[in-house]
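Shown next, in structure tokens, is the structure this report addresses.
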Amino acid sequence: MNEQKNFSGGPGALPLAVLRQTRDAIEALPETGLSVLGMSHRSAWFRAVLDEAEQNLRTLLGIPSHYHVLFMQGGSSLQFSMLPMNFLRGTKQRAEYIVSGYWSAKAPPEARHEGPVSVVWDGYDGGYTRLPHADELPLSRHAAYLHYVSNETVEGLEFAGVPGLPDVPLVCDMSSNLLAGPVDIERYAMIYAHAQKNLGPSGVTVVILRDDFARRARGSLPTMLDYRTHIDTRSLYNTPPVFAIYVLMLVTRWLRDDIGGVAAMADINHAKARTVYGALDAHPGFYRVHAERPYRSSMNIAFRLPDAVTETLFLDAAKRDGFHGLEGHRSIGGLRASLYNAVTPEATAALAQWLTDFAQRYG
Ligand SMILES: *Cc1c(COP(=O)(O)O)cnc(C)c1O
């Protein structure tokens, strides 16, 4: 089954145990005897699914009760717009943004529709190969918020620490590494992550929002674009993506019961990443990792070969041998191996061996 060797950047691999339960649920849910695709979002069954998904996320990440957990639509791209609509519009403050890669660069243009924006650091000139140090960030105590992306999915850069000033609300797009390891939730005013990289299928976005920050939203916003709507209705203002939330709930259950939590997951993920970086670093003249060493991501490994012809050869040979999703993002090309939670240590070891064999043949 190809799912075992799926290194796609997103939508990414899901655990085999979850896929099997999902397959059965499409025909008939064990609890109701009906297909998950035909279940009412107002049913008691779905209320229980929502409650368990929220509770599992709270348990896994240690989310305190003064934070809301919302299940929204529109992907992380909608959050780029909703964040400044709710928390920059109508203030006299500036919003601060760290631009460290393809995805974080998408956020400031959306904020500029709503108010003044400071890009406090931009890695574009360096080709997005590293992340800023704390002393490189000219931060203000008066900013409306500071926004950053904890893991740059395209370039394969991951923050080891948490940037920002204690008094300024910190907002983070964790689309590609939420649930990959522990998070110090109380450092943040808001965290968001769509499901399709590490949490489940596409169609649902998790938003973790501190209550006092949420209540700061001002102005008369369209109902669906106001976080307070989703807080007050507990993510049931309109029809939510029932199927995506159901599968996300199964993924959180798998992480809790089969893996044993996010700290155990982080150990597994770090070991997986070491295996693949080790294979790449063993052939430095052949494989070239995009990220500078201290900023390397454990989720996404972007790398290049000496020339485009060899890269094409690589992708063809990989596919033939059952390794999928290794092409780089269309914005930078090259190659990328994504090692999300559901990618097994066995699949990762097989990839590392394959990388070694390929280098010995063509290097
Ligand atoms: C993939 C990705 C996005 C885009 O999310 P959509 O749900 O497609 O809008 C945003 N941020 C990060 C960090 C991503 O990896």
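Naming works like this for the structure tokens: A, B, ... for the chains as they're shown, residue 1 at the start of each chain, ligands 1 onward in shown order.
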Fewer than 6 positions away in the same chain doesn't count, so skip those; otherwise give me all residues within 12 Å of A:Arg23, counting only C-alpha atoms, as a list in words. Leu16, Ala17, Leu29, Pro30, Ser35, Val36, Leu37, Phe243 and Val247 of chain A
Counting only C-alpha atoms and all ligand atoms, what are the residues of chain A within 8 Å of ligand 1, and for each of them which pair of atoms is the nearest and at what distance in Å, to one decimal? Sort the table by chain and rising number, as CSV.
```
residue,atom,partner,partner_atom_place_in_ligand_line,distance
A:Gly9,CA,ligand 1,1 (C),7.9
A:Gly10,CA,ligand 1,1 (C),6.7
A:Gly74,CA,ligand 1,9 (O),6.7
A:Gly75,CA,ligand 1,7 (O),3.3
A:Ser76,CA,ligand 1,9 (O),4.0
A:Ser77,CA,ligand 1,9 (O),3.6
A:Leu78,CA,ligand 1,9 (O),6.5
A:Trp103,CA,ligand 1,11 (N),5.1
A:Ser104,CA,ligand 1,13 (C),7.0
A:Val149,CA,ligand 1,13 (C),5.8
A:Ser150,CA,ligand 1,13 (C),7.4
A:Asn151,CA,ligand 1,13 (C),6.2
A:Glu152,CA,ligand 1,13 (C),5.7
A:Thr153,CA,ligand 1,15 (O),4.7
A:Val154,CA,ligand 1,15 (O),7.1
A:Asp173,CA,ligand 1,13 (C),5.7
A:Met174,CA,ligand 1,13 (C),6.0
A:Ser175,CA,ligand 1,13 (C),4.7
A:Ser176,CA,ligand 1,15 (O),5.0
A:Ala193,CA,ligand 1,11 (N),7.5
A:His194,CA,ligand 1,7 (O),5.3
A:Ala195,CA,ligand 1,7 (O),7.8
A:Gln196,CA,ligand 1,7 (O),7.4
A:Lys197,CA,ligand 1,1 (C),7.3
A:Ser202,CA,ligand 1,7 (O),7.3
A:Gly203,CA,ligand 1,7 (O),7.9
A:Thr205,CA,ligand 1,7 (O),7.4
```
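In terms of minimum interatomic distance to A:Leu248, A:Gly200 ranks closest within A:Gly260, A:Gly200, A:Pro182, A:Gly156, counting only C-alpha atoms.
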Quick check for you: according to DSSP on this backbone, which residues of stretch 43-270 of chain A are classed as alpha helix (DSSP H)? Reply as number ranges by chain. A: 44-61, 75-87, 107-111, 211-214, 227-232, 242-254, 262-270
For stretch 210-220 of chain A, list every protein, DNA or RNA residue within 6 Å, evaluated using only C-alpha atoms, and leave out those in the same chain fewer than 2 positions away; present the list as a PyMOL selection string. chain A and resi 66-67+86-87+189
I'd like the neighbourhood of A:Met299 as a ChimeraX atom specification, where a residue qualifies if any of its atoms comes within 12 Å (using only C-alpha atoms), though same-chain residues fewer than 3 positions away should be ignored. /A:7-10,12,150-159,174-181,197-198,265-266,268-274,276-277,295-296,302,336-343,348
Just the residues within 9 Å of A:Ala134, please, counting only C-alpha atoms, with nothing from its chain fewer than 3 positions along; format it as a PyMOL selection string. chain A and resi 137-138+163-164
